[in-house]
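Raw target_18.cif, mmCIF, C-alpha atoms:
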```cif
data_entry
loop_
_atom_site.label_atom_id
_atom_site.label_comp_id
_atom_site.auth_asym_id
_atom_site.auth_seq_id
_atom_site.Cartn_x
_atom_site.Cartn_y
_atom_site.Cartn_z
CA MET A 1 -79.93 12.51 102.90
CA ALA A 2 -77.96 11.53 106.03
CA ARG A 3 -75.32 8.88 105.60
CA CYS A 4 -75.84 5.57 107.36
CA ALA A 5 -73.09 4.83 109.86
CA ARG A 6 -71.08 1.65 109.66
CA ILE A 7 -70.59 -0.58 112.69
CA LEU A 8 -67.24 -0.22 114.44
CA ARG A 9 -66.16 -2.99 116.76
CA MET A 10 -64.93 -1.96 120.19
CA LYS A 11 -61.68 -3.87 119.73
CA ASP A 12 -60.93 -1.81 116.63
CA LEU A 13 -61.68 1.40 118.49
CA LEU A 14 -59.41 0.38 121.35
CA GLY A 15 -56.75 -0.66 118.83
CA LEU A 16 -56.01 2.91 117.73
CA HIS A 17 -52.41 3.90 118.49
CA GLY A 18 -50.45 7.09 117.98
CA LYS A 19 -53.47 9.06 116.74
CA ASN A 20 -54.78 12.53 117.51
CA ILE A 21 -58.22 11.94 118.99
CA LEU A 22 -60.84 14.54 119.88
CA GLY A 23 -63.66 13.65 122.25
CA VAL A 24 -66.91 15.63 122.02
CA ASN A 25 -69.74 15.77 124.53
CA PRO A 26 -72.66 17.37 122.62
CA PRO A 27 -74.95 20.08 123.97
CA VAL A 28 -78.30 19.10 125.45
CA HIS A 29 -81.58 19.89 123.68
CA ASP A 30 -84.42 19.62 126.19
CA PHE A 31 -87.04 21.49 128.16
CA ALA A 32 -84.82 21.50 131.26
CA PHE A 33 -81.32 20.47 132.28
CA TYR A 34 -79.60 20.48 135.65
CA ASP A 35 -75.98 19.70 136.40
CA LEU A 36 -76.41 16.74 138.74
CA TRP A 37 -72.66 16.11 138.68
CA SER A 38 -73.05 15.34 135.00
CA LYS A 39 -69.92 14.28 133.15
CA PRO A 40 -69.53 11.94 130.13
CA ILE A 41 -67.72 9.32 132.18
CA GLY A 42 -67.72 6.64 129.47
CA LEU A 43 -66.07 9.00 126.98
CA LEU A 44 -63.55 10.08 129.62
CA TYR A 45 -62.58 6.47 130.35
CA LEU A 46 -62.24 5.86 126.61
CA LEU A 47 -60.01 8.90 126.10
CA GLN A 48 -57.78 7.80 128.97
CA LYS A 49 -57.56 4.31 127.47
CA ALA A 50 -56.56 5.82 124.13
CA ARG A 51 -53.93 7.95 125.87
CA GLU A 52 -52.53 4.85 127.56
CA GLY A 53 -52.24 3.40 124.03
CA GLY A 54 -50.07 6.27 122.86
CA CYS A 55 -52.73 8.58 121.43
CA ASP A 56 -52.84 12.34 121.90
CA VAL A 57 -56.31 13.19 123.22
CA ARG A 58 -58.35 16.38 123.52
CA LEU A 59 -61.87 17.10 124.80
CA ILE A 60 -64.59 19.58 123.95
CA ASP A 61 -67.46 19.31 126.43
CA CYS A 62 -70.18 21.50 124.95
CA VAL A 63 -72.17 21.35 128.19
CA ARG A 64 -69.41 22.15 130.67
CA ASP A 65 -67.96 24.82 128.33
CA GLY A 66 -71.33 26.55 128.64
CA ALA A 67 -71.02 26.95 132.42
CA GLU A 68 -71.98 30.46 133.52
CA GLY A 69 -72.23 30.21 137.28
CA GLN A 70 -71.52 28.10 140.36
CA MET A 71 -74.01 26.02 142.31
CA THR A 72 -73.57 23.92 145.44
CA PHE A 73 -70.92 21.22 145.80
CA GLY A 74 -69.11 22.06 142.55
CA ARG A 75 -72.12 21.85 140.27
CA GLU A 76 -72.54 24.53 137.64
CA LYS A 77 -75.32 26.50 136.00
CA ILE A 78 -75.30 25.88 132.24
CA ALA A 79 -76.12 28.58 129.69
CA LYS A 80 -79.26 28.03 127.65
CA ALA A 81 -80.86 29.52 124.54
CA GLU A 82 -84.43 28.92 123.43
CA ILE A 83 -84.70 26.96 120.18
CA ARG A 84 -87.52 25.71 117.99
CA LYS A 85 -89.34 22.69 119.36
CA PRO A 86 -89.18 19.51 117.25
CA ASP A 87 -92.46 18.51 115.62
CA ALA A 88 -92.89 15.70 118.16
CA TYR A 89 -93.22 18.38 120.84
CA ARG A 90 -95.29 20.92 118.96
CA HIS A 91 -98.34 20.41 121.21
CA ILE A 92 -96.38 20.80 124.46
CA LYS A 93 -96.78 24.22 126.06
CA ARG A 94 -93.26 24.56 127.38
CA LYS A 95 -90.13 26.27 126.08
CA TYR A 96 -87.38 24.17 124.54
CA HIS A 97 -83.68 25.00 124.92
CA HIS A 98 -80.14 24.39 123.73
CA PHE A 99 -77.98 23.91 126.85
CA GLY A 100 -74.28 24.55 126.38
CA ILE A 101 -72.08 26.54 124.04
CA GLY A 102 -73.46 27.82 120.74
CA GLU A 103 -72.31 27.38 117.15
CA GLU A 104 -69.71 30.16 117.09
CA ALA A 105 -68.06 29.08 120.35
CA PHE A 106 -68.01 25.44 119.25
CA SER A 107 -66.43 26.33 115.91
CA GLN A 108 -63.78 28.41 117.68
CA ARG A 109 -62.91 25.56 120.00
CA LEU A 110 -62.55 23.22 117.04
CA ARG A 111 -60.12 25.65 115.40
CA ASN A 112 -58.08 25.86 118.61
CA VAL A 113 -57.23 22.14 118.78
CA PRO A 114 -54.89 20.21 116.46
CA LYS A 115 -56.77 18.60 113.60
CA PRO A 116 -57.79 15.18 114.88
CA ASP A 117 -57.43 11.89 113.06
CA THR A 118 -60.71 10.73 114.61
CA VAL A 119 -63.52 12.28 116.64
CA PHE A 120 -65.28 10.32 119.38
CA ILE A 121 -68.81 11.63 120.01
CA THR A 122 -70.71 10.42 123.04
CA SER A 123 -74.45 10.36 123.68
CA ALA A 124 -76.54 10.14 126.82
CA MET A 125 -80.35 10.24 127.04
CA THR A 126 -82.12 8.85 124.00
CA TYR A 127 -84.27 11.98 123.75
CA TRP A 128 -81.18 14.23 123.64
CA TYR A 129 -80.25 13.16 120.14
CA GLY A 130 -81.01 16.65 118.81
CA GLY A 131 -77.81 17.91 120.43
CA VAL A 132 -75.90 14.95 119.01
CA ARG A 133 -77.11 15.73 115.50
CA TRP A 134 -76.23 19.40 116.00
CA ALA A 135 -72.67 18.46 116.98
CA ILE A 136 -72.26 16.06 114.05
CA GLU A 137 -73.40 18.72 111.58
CA LYS A 138 -70.94 21.27 112.98
CA LEU A 139 -68.09 18.76 113.07
CA ARG A 140 -68.78 17.76 109.48
CA ALA A 141 -68.60 21.40 108.39
CA GLU A 142 -65.45 22.25 110.36
CA LEU A 143 -63.55 18.96 109.94
CA PRO A 144 -64.39 17.60 106.47
CA GLY A 145 -63.00 14.13 105.90
CA VAL A 146 -62.31 13.40 109.57
CA PRO A 147 -64.01 10.15 110.66
CA LEU A 148 -66.76 10.68 113.23
CA VAL A 149 -67.43 7.82 115.65
CA LEU A 150 -70.67 7.87 117.67
CA GLY A 151 -71.12 5.84 120.85
CA GLY A 152 -72.77 6.13 124.23
CA ILE A 153 -76.14 5.27 125.74
CA TYR A 154 -78.36 6.58 122.92
CA ALA A 155 -76.23 4.76 120.33
CA ARG A 156 -76.54 1.53 122.33
CA LEU A 157 -80.28 1.70 122.96
CA CYS A 158 -81.43 3.23 119.66
CA PHE A 159 -78.88 1.81 117.24
CA GLU A 160 -80.88 2.13 114.03
CA HIS A 161 -82.02 5.66 114.80
CA ALA A 162 -78.51 6.75 115.83
CA SER A 163 -76.92 5.24 112.73
CA SER A 164 -78.81 7.72 110.52
CA LEU A 165 -77.62 10.90 112.29
CA GLY A 166 -74.60 11.45 110.03
CA ALA A 167 -71.68 9.82 111.85
CA ASP A 168 -69.30 7.62 109.86
CA PHE A 169 -69.19 4.86 112.46
CA ILE A 170 -71.33 3.77 115.37
CA VAL A 171 -70.25 1.70 118.36
CA ALA A 172 -73.00 -0.24 120.06
CA GLU A 173 -70.99 -2.83 121.98
CA ASN A 174 -70.59 -2.99 125.73
CA TRP A 175 -67.19 -2.05 127.16
CA GLU A 176 -66.17 -2.46 130.76
CA PRO A 177 -63.59 0.31 131.13
CA ASP A 178 -60.15 -0.87 132.15
CA ALA A 179 -58.49 2.54 132.01
CA ALA A 180 -56.77 3.72 135.18
CA TYR A 181 -59.27 6.56 135.65
CA PRO A 182 -61.49 8.90 133.62
CA ALA A 183 -59.42 11.62 131.91
CA MET A 184 -60.79 14.43 134.08
CA ASP A 185 -57.53 16.35 133.69
CA LEU A 186 -58.74 17.28 130.19
CA TYR A 187 -60.98 19.82 131.95
CA GLY A 188 -57.93 21.55 133.42
CA HIS A 189 -59.48 22.33 136.79
CA PRO A 190 -62.65 20.20 137.01
CA PRO A 191 -65.33 21.54 139.37
CA TYR A 192 -66.00 18.06 140.76
CA GLY A 193 -64.91 14.47 140.29
CA VAL A 194 -66.72 11.33 139.16
CA VAL A 195 -66.24 7.81 140.49
CA MET A 196 -67.49 4.32 139.64
CA THR A 197 -66.82 1.43 142.00
CA SER A 198 -68.74 -0.98 139.78
CA PHE A 199 -70.36 -1.39 136.39
CA GLY A 200 -73.93 -2.62 136.11
CA CYS A 201 -76.35 -3.76 138.79
CA PRO A 202 -77.41 -7.21 140.01
CA MET A 203 -81.02 -5.99 140.25
CA ARG A 204 -83.24 -6.21 137.18
CA CYS A 205 -85.87 -3.52 137.62
CA ASP A 206 -88.46 -3.45 134.84
CA TYR A 207 -87.89 0.23 134.02
CA CYS A 208 -84.06 0.36 134.24
CA ALA A 209 -81.51 -0.11 131.42
CA SER A 210 -78.54 -0.90 133.63
CA GLY A 211 -78.74 -4.61 132.82
CA ILE A 212 -78.83 -3.81 129.10
CA LEU A 213 -75.91 -1.41 129.14
CA TRP A 214 -73.92 -3.63 131.51
CA PRO A 215 -75.00 -7.28 131.06
CA ARG A 216 -72.96 -8.37 134.08
CA PHE A 217 -72.28 -6.75 137.43
CA LYS A 218 -68.56 -6.11 137.84
CA ARG A 219 -67.00 -4.58 140.92
CA ARG A 220 -63.66 -2.80 140.71
CA THR A 221 -61.03 -3.26 143.39
CA VAL A 222 -60.79 -0.77 146.25
CA GLU A 223 -57.25 0.02 145.12
CA GLU A 224 -58.48 0.93 141.62
CA VAL A 225 -61.13 3.24 143.03
CA MET A 226 -58.68 4.91 145.40
CA LYS A 227 -56.33 5.51 142.48
CA GLU A 228 -59.19 7.13 140.58
CA ILE A 229 -60.04 9.40 143.51
CA ASP A 230 -56.38 10.24 144.20
CA PHE A 231 -55.83 11.27 140.58
CA GLN A 232 -58.74 13.71 140.66
CA ALA A 233 -57.96 14.99 144.17
CA ASN A 234 -54.51 15.92 142.88
CA LEU A 235 -56.27 18.13 140.31
CA GLY A 236 -57.81 20.08 143.17
CA VAL A 237 -61.17 18.31 143.23
CA ILE A 238 -63.07 18.38 146.51
CA ASP A 239 -66.52 17.05 145.53
CA PHE A 240 -66.93 13.53 144.15
CA ALA A 241 -70.08 11.92 142.75
CA PHE A 242 -70.44 8.15 142.78
CA TYR A 243 -72.17 7.00 139.58
CA ASP A 244 -72.88 3.50 140.89
CA ASP A 245 -76.26 1.80 140.66
CA ALA A 246 -75.42 -0.57 143.53
CA LEU A 247 -72.98 1.25 145.78
CA LEU A 248 -73.99 -0.39 149.07
CA LEU A 249 -74.38 -3.99 147.94
CA GLY A 250 -71.79 -6.16 149.66
CA LYS A 251 -71.14 -3.24 151.98
CA ARG A 252 -69.12 -5.07 154.63
CA GLU A 253 -66.82 -6.75 152.12
CA TYR A 254 -66.37 -3.71 149.86
CA PHE A 255 -67.96 -0.37 150.74
CA TYR A 256 -66.90 -0.27 154.38
CA PRO A 257 -63.21 -0.96 153.56
CA LEU A 258 -63.38 1.77 150.90
CA CYS A 259 -64.81 4.23 153.43
CA ARG A 260 -62.13 3.36 155.97
CA LYS A 261 -59.41 4.06 153.39
CA LEU A 262 -61.02 7.36 152.41
CA LYS A 263 -61.25 8.43 156.07
CA ALA A 264 -57.63 7.47 156.75
CA ARG A 265 -56.25 9.20 153.66
CA TYR A 266 -58.36 12.36 153.47
CA ASN A 267 -59.79 12.79 156.98
CA GLY A 268 -62.84 14.76 155.86
CA ALA A 269 -61.07 16.93 153.26
CA LEU A 270 -63.26 15.57 150.45
CA ARG A 271 -67.05 15.62 150.02
CA PHE A 272 -68.94 12.70 148.48
CA HIS A 273 -72.33 12.47 146.78
CA ALA A 274 -74.57 9.53 145.81
CA PRO A 275 -77.15 11.00 143.38
CA ASN A 276 -78.18 7.69 141.77
CA GLY A 277 -80.00 6.36 144.82
CA LEU A 278 -78.95 4.00 147.60
CA HIS A 279 -80.57 0.65 148.37
CA VAL A 280 -82.32 1.45 151.65
CA ARG A 281 -82.38 -2.22 152.63
CA GLU A 282 -78.62 -1.89 153.18
CA ILE A 283 -78.82 1.17 155.43
CA ASP A 284 -78.61 0.35 159.13
CA GLY A 285 -77.17 2.39 161.99
CA GLU A 286 -73.58 1.45 161.20
CA CYS A 287 -73.95 2.23 157.50
CA ALA A 288 -75.66 5.59 158.08
CA ALA A 289 -72.99 6.64 160.56
CA LEU A 290 -70.15 5.56 158.25
CA LEU A 291 -71.62 7.49 155.32
CA LYS A 292 -71.68 10.58 157.51
CA GLU A 293 -68.19 10.06 158.93
CA THR A 294 -66.66 9.42 155.50
CA GLY A 295 -67.87 12.77 154.18
CA PHE A 296 -71.01 11.99 152.20
CA LYS A 297 -72.98 15.21 151.84
CA THR A 298 -75.67 14.10 149.37
CA ILE A 299 -77.58 10.85 149.64
CA ARG A 300 -80.64 9.81 147.68
CA LEU A 301 -82.73 6.91 148.93
CA SER A 302 -84.46 4.56 146.51
CA LEU A 303 -88.03 3.76 147.52
CA GLU A 304 -89.93 4.14 144.22
CA SER A 305 -93.37 3.26 145.64
CA VAL A 306 -95.25 1.66 148.52
CA ASP A 307 -97.62 0.12 145.95
CA PRO A 308 -96.80 -3.64 145.95
CA SER A 309 -97.23 -3.90 142.16
CA VAL A 310 -94.73 -1.10 141.54
CA ALA A 311 -92.35 -2.48 144.17
CA GLN A 312 -92.38 -5.77 142.26
CA GLU A 313 -91.25 -3.93 139.12
CA SER A 314 -88.40 -2.54 141.27
CA SER A 315 -87.08 -6.07 141.95
CA GLY A 316 -88.78 -5.97 145.34
CA LYS A 317 -85.94 -3.75 146.57
CA VAL A 318 -87.63 -2.35 149.65
CA LEU A 319 -90.56 -2.79 152.00
CA ARG A 320 -92.28 -0.08 154.06
CA GLY A 321 -90.65 -1.16 157.29
CA GLU A 322 -87.20 -1.27 155.72
CA TYR A 323 -87.53 2.27 154.41
CA ALA A 324 -88.80 3.59 157.73
CA ALA A 325 -85.90 1.91 159.54
CA ALA A 326 -83.35 3.32 157.07
CA VAL A 327 -84.61 6.88 157.47
CA LYS A 328 -84.61 6.50 161.24
CA CYS A 329 -80.97 5.41 161.12
CA CYS A 330 -80.05 8.32 158.84
CA ARG A 331 -81.75 10.84 161.10
CA GLU A 332 -80.05 9.40 164.19
CA ALA A 333 -76.69 9.63 162.38
CA GLY A 334 -77.22 13.37 161.89
CA TRP A 335 -78.88 13.65 158.50
CA ARG A 336 -81.57 16.31 158.37
CA ARG A 337 -85.01 15.65 156.84
CA GLU A 338 -84.20 17.62 153.69
CA GLU A 339 -80.99 15.58 153.29
CA CYS A 340 -82.93 12.30 153.25
CA GLU A 341 -84.23 12.84 149.71
CA THR A 342 -86.17 9.82 148.52
CA TYR A 343 -86.89 8.89 144.92
CA ILE A 344 -90.56 8.24 144.15
CA LEU A 345 -91.48 7.03 140.68
CA LEU A 346 -94.52 8.37 138.88
CA GLY A 347 -95.99 7.85 135.45
CA LEU A 348 -95.31 4.12 135.14
CA PRO A 349 -97.74 2.27 132.85
CA GLY A 350 -100.78 1.39 134.93
CA GLN A 351 -99.61 3.27 138.03
CA SER A 352 -102.35 5.08 139.93
CA LEU A 353 -102.07 8.69 141.09
CA GLY A 354 -103.36 7.60 144.47
CA SER A 355 -100.37 5.32 145.01
CA VAL A 356 -97.98 8.19 144.25
CA ALA A 357 -99.76 10.45 146.73
CA GLU A 358 -99.74 7.66 149.33
CA THR A 359 -95.99 7.17 148.86
CA ILE A 360 -95.34 10.90 149.21
CA ASP A 361 -97.25 10.98 152.49
CA PHE A 362 -95.48 7.84 153.74
CA VAL A 363 -92.02 9.30 153.06
CA LYS A 364 -92.86 12.50 154.92
CA ALA A 365 -94.35 10.57 157.85
CA CYS A 366 -91.11 8.60 158.14
CA GLY A 367 -89.03 11.77 158.25
CA GLY A 368 -87.74 11.76 154.69
CA LYS A 369 -88.06 14.26 151.84
CA PRO A 370 -89.97 13.10 148.73
CA LYS A 371 -88.26 13.61 145.37
CA LEU A 372 -90.42 12.77 142.37
CA ALA A 373 -88.76 10.90 139.52
CA GLU A 374 -90.86 10.90 136.36
CA PHE A 375 -90.92 7.71 134.31
CA SER A 376 -89.08 7.50 131.00
CA PRO A 377 -89.67 4.51 128.71
CA ILE A 378 -86.20 3.09 128.00
CA PRO A 379 -85.81 0.80 124.95
CA GLY A 380 -85.17 -2.82 125.82
CA THR A 381 -86.89 -2.74 129.23
CA LYS A 382 -90.14 -4.44 130.21
CA SER A 383 -91.71 -1.11 131.05
CA PHE A 384 -90.87 0.19 127.58
CA ASP A 385 -92.66 -2.77 126.00
CA ALA A 386 -95.71 -2.09 128.18
CA ALA A 387 -95.67 1.60 127.24
CA ALA A 388 -95.26 0.78 123.53
CA LYS A 389 -98.53 -1.14 123.56
CA GLU A 390 -100.27 2.10 124.44
CA ILE A 391 -98.06 4.45 122.37
CA PRO A 392 -96.42 2.57 119.46
CA GLU A 393 -94.75 5.81 118.30
CA ILE A 394 -92.14 5.56 121.07
CA THR A 395 -90.51 2.70 119.18
CA VAL A 396 -89.51 5.01 116.30
CA GLU A 397 -89.20 8.47 117.88
CA PRO A 398 -86.79 8.71 120.85
CA LEU A 399 -87.97 12.25 121.63
CA LEU A 400 -91.10 10.63 123.04
CA HIS A 401 -89.02 8.98 125.78
CA ASN A 402 -88.49 12.33 127.52
CA ASN A 403 -89.26 11.90 131.22
CA SER A 404 -90.01 15.58 131.79
CA VAL A 405 -93.02 15.48 129.47
CA TYR A 406 -93.82 11.78 129.01
CA SER A 407 -96.41 11.20 131.72
CA SER A 408 -98.05 14.64 131.56
CA TRP A 409 -98.03 15.36 127.80
CA ILE A 410 -97.28 12.17 125.86
CA SER A 411 -98.80 9.16 127.61
CA GLY A 412 -101.67 11.04 129.23
CA ALA A 413 -101.09 9.14 132.47
CA LEU A 414 -101.83 12.39 134.28
CA ALA A 415 -102.72 15.92 133.30
CA PRO A 416 -100.15 18.71 133.75
CA ASN A 417 -102.19 20.15 136.62
CA GLU A 418 -102.29 16.73 138.33
CA LEU A 419 -98.51 16.52 138.06
CA GLN A 420 -98.20 19.97 139.58
CA GLU A 421 -100.47 18.94 142.44
CA LEU A 422 -98.22 15.98 143.20
CA LYS A 423 -95.13 18.20 143.08
CA ASP A 424 -96.80 20.66 145.46
CA ARG A 425 -97.77 17.80 147.77
CA ALA A 426 -94.15 16.61 147.84
CA ARG A 427 -92.82 20.10 148.59
CA ARG A 428 -95.19 20.85 151.46
CA PRO A 429 -93.72 20.31 154.96
#
```
Before we go any further, please render this structure as structure tokens.
Amino acid sequence: MARCARILRMKDLLGLHGKNILGVNPPVHDFAFYDLWSKPIGLLYLLQKAREGGCDVRLIDCVRDGAEGQMTFGREKIAKAEIRKPDAYRHIKRKYHHFGIGEEAFSQRLRNVPKPDTVFITSAMTYWYGGVRWAIEKLRAELPGVPLVLGGIYARLCFEHASSLGADFIVAENWEPDAAYPAMDLYGHPPYGVVMTSFGCPMRCDYCASGILWPRFKRRTVEEVMKEIDFQANLGVIDFAFYDDALLLGKREYFYPLCRKLKARYNGALRFHAPNGLHVREIDGECAALLKETGFKTIRLSLESVDPSVAQESSGKVLRGEYAAAVKCCREAGWRREECETYILLGLPGQSLGSVAETIDFVKACGGKPKLAEFSPIPGTKSFDAAAKEIPEITVEPLLHNNSVYSSWISGALAPNELQELKDRARRP
């Protein structure tokens, strides 16, 4: 029977001094995984904070250590091995994989680091807890008696479920990192850098957990962000991904001055990426041109849907005319159609297939490139509560939150062939 983790207060975690601390990013168990500039930034901030407090820190990133090839802009292809599907997925006709290093490689890495006094284990998607459990079991076998502390997104959103995975302690409090930068040097030569100019988001979209994970919106100073970028650039990093949920808000007071500093200091030597989606309402001709001039190579535009009811769930972020104007500005600034990727939500409770198809066609007519984003019910959000009325099982089994199979296999919002038709529609010129 798995032990039940005890609650550890964040102040006690941050109060550790002079300890040997090992950070672990578990492998991913899922049907698919892509390196979209994916790094455990919360864990990296925490390790840096511990180092600033006099601790000796190490990192084992089971995902990154499984890299087996290069992709564009520093991203990497991650090794995978087919594994048995959990019972919750037994009816799904897709293969299930372990992404990252395997048991033998993980054990060897554990033997190659000094025995830690404490292990920090992070967690990301709620439906990735299989990899977290795998890591805890291996750590328990290799490091008997060493306290295991579990934190991260899954631990925050699914506290009771996470507390039964076998860790000694669980941290479910919010922490606004005040470390100088994420400890990316623990990778030696990281393939890309990660940046956050702010924590949280002032928007309160019905399907998003940002307001739960970060109850208040806090912007860092431009000087702090420049220090973070400088630190990673000195490691040889060229590509940087902004993790922000609200990068362009307050653009004239904050984002524009940051861009001007980046242009003056690096003069195009660095490449920047905004995979989380930009608020298109903020993109005018000046903004689009500045993004281009600063060195942004990847932008994702947030539209979600042209359906008024879905737009309302998105905090009314964008209207048709605003999106069309934003794409026009991007195209005039030199962005190609395929570079104007636009997020379109599908699979929301009550959302019609017709509205998704209409949004796809609208994006293409405006000169953008549709990018489908499948809905995942996230605990604590309004959309999760709506989904739970139809599928109560999602309240006890986080595997059922998986966006890659939720709408087509779990909720029944659309059949797998209907999903494929929408994907084909989005891909067609």
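Excluding Ala426 in chain A itself and any same-chain residue fewer than 6 positions from it, the protein and nucleic acid residues within 9 Å of it, counting all atoms listed in the file, are A:Ala357, A:Ile360, A:Asp361, A:Lys364, A:Lys369, A:Pro370, A:Lys371, A:Leu372.
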Where does range 336-415 of chain A meet range 156-167 of chain A within 9 Å, residue by residue, with the nearest atom pair and distance in Å to one decimal for each, counting all atoms listed in the file, listed by chain and rising number, as a Markdown table?
```
| residue | atom | partner | partner_atom | distance |
| --- | --- | --- | --- | --- |
| A:Ile378 | CA | A:Leu157 | CA | 7.9 |
| A:Pro379 | CA | A:Leu157 | CA | 5.9 |
| A:Gly380 | CA | A:Leu157 | CA | 7.2 |
| A:Val396 | CA | A:His161 | CA | 7.7 |
| A:Glu397 | CA | A:His161 | CA | 8.3 |
| A:Pro398 | CA | A:Cys158 | CA | 7.8 |
```
Sorted per-residue table, range 228-287 of chain A near range 181-192 of chain A, closest atoms and distance, 6 Å, only C-alpha atoms, as JSON lines:
```
{"residue": "A:Glu228", "atom": "CA", "partner": "A:Tyr181", "partner_atom": "CA", "distance": 5.0}
{"residue": "A:Val237", "atom": "CA", "partner": "A:Tyr192", "partner_atom": "CA", "distance": 5.4}
{"residue": "A:Asp239", "atom": "CA", "partner": "A:Tyr192", "partner_atom": "CA", "distance": 4.9}
{"residue": "A:Phe240", "atom": "CA", "partner": "A:Tyr192", "partner_atom": "CA", "distance": 5.7}
```
Residues within 9 Å of range 13-17 of chain A, only C-alpha atoms, excluding chain neighbours under 6 positions, as a PDB file with C-alpha atoms, keeping the file's coordinate frame:
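Result file is part19.pdb:
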```
ATOM      1  CA  LEU A  46     -62.240   5.860 126.610  1.00  0.00           C
ATOM      2  CA  LYS A  49     -57.560   4.310 127.470  1.00  0.00           C
ATOM      3  CA  ALA A  50     -56.560   5.820 124.130  1.00  0.00           C
ATOM      4  CA  ARG A  51     -53.930   7.950 125.870  1.00  0.00           C
ATOM      5  CA  GLY A  53     -52.240   3.400 124.030  1.00  0.00           C
ATOM      6  CA  GLY A  54     -50.070   6.270 122.860  1.00  0.00           C
ATOM      7  CA  CYS A  55     -52.730   8.580 121.430  1.00  0.00           C
ATOM      8  CA  VAL A 171     -70.250   1.700 118.360  1.00  0.00           C
TER       9      VAL A 171
END
```
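The residue that comes closest to Leu36 in chain A, out of A:Met203, A:Ala387, A:Ala274, A:Cys62 and on the basis of all atoms listed in the file, is A:Ala274.
When only C-alpha atoms are used to measure the gap to Cys208 in chain A, the shortest distance among A:Ser38, A:Asn417, A:Leu348, A:Ala288 belongs to A:Leu348.
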*Could you state which residues are captured by the PyMOL selection byres ((chain A and resi 358) around 12) in this file, as a list in words?*
Glu304, Ser305, Val306, Asp307, Arg320, Ile344, Leu345, Leu346, Ser352, Leu353, Gly354, Ser355, Val356, Ala357, Thr359, Ile360, Asp361, Phe362, Val363, Lys364, Ala365, Pro370, Leu422, Arg425 and Ala426 of chain A
_Residue by residue, what does the PyMOL selection byres ((chain A and resi 241-258) around 8) grab here? Present the result as a VMD selection string._
chain A and resid 37 192 to 202 210 222 226 239 to 240 259 to 262 272 to 279 282 290
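Proximity to Ala413 in chain A was assessed for A:Gly74, A:Val318, A:Glu393, A:Pro349 counting all atoms listed in the file; the smallest distance is recorded for A:Pro349.
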_If the PyMOL selection byres ((chain A and resi 401) around 12) were run on this exact file, what residues would it hold? Put them as a PyMOL selection string._
chain A and resi 30+88-89+125-129+154+157-158+347+374-379+383-384+387-388+391-400+402-407+409-411
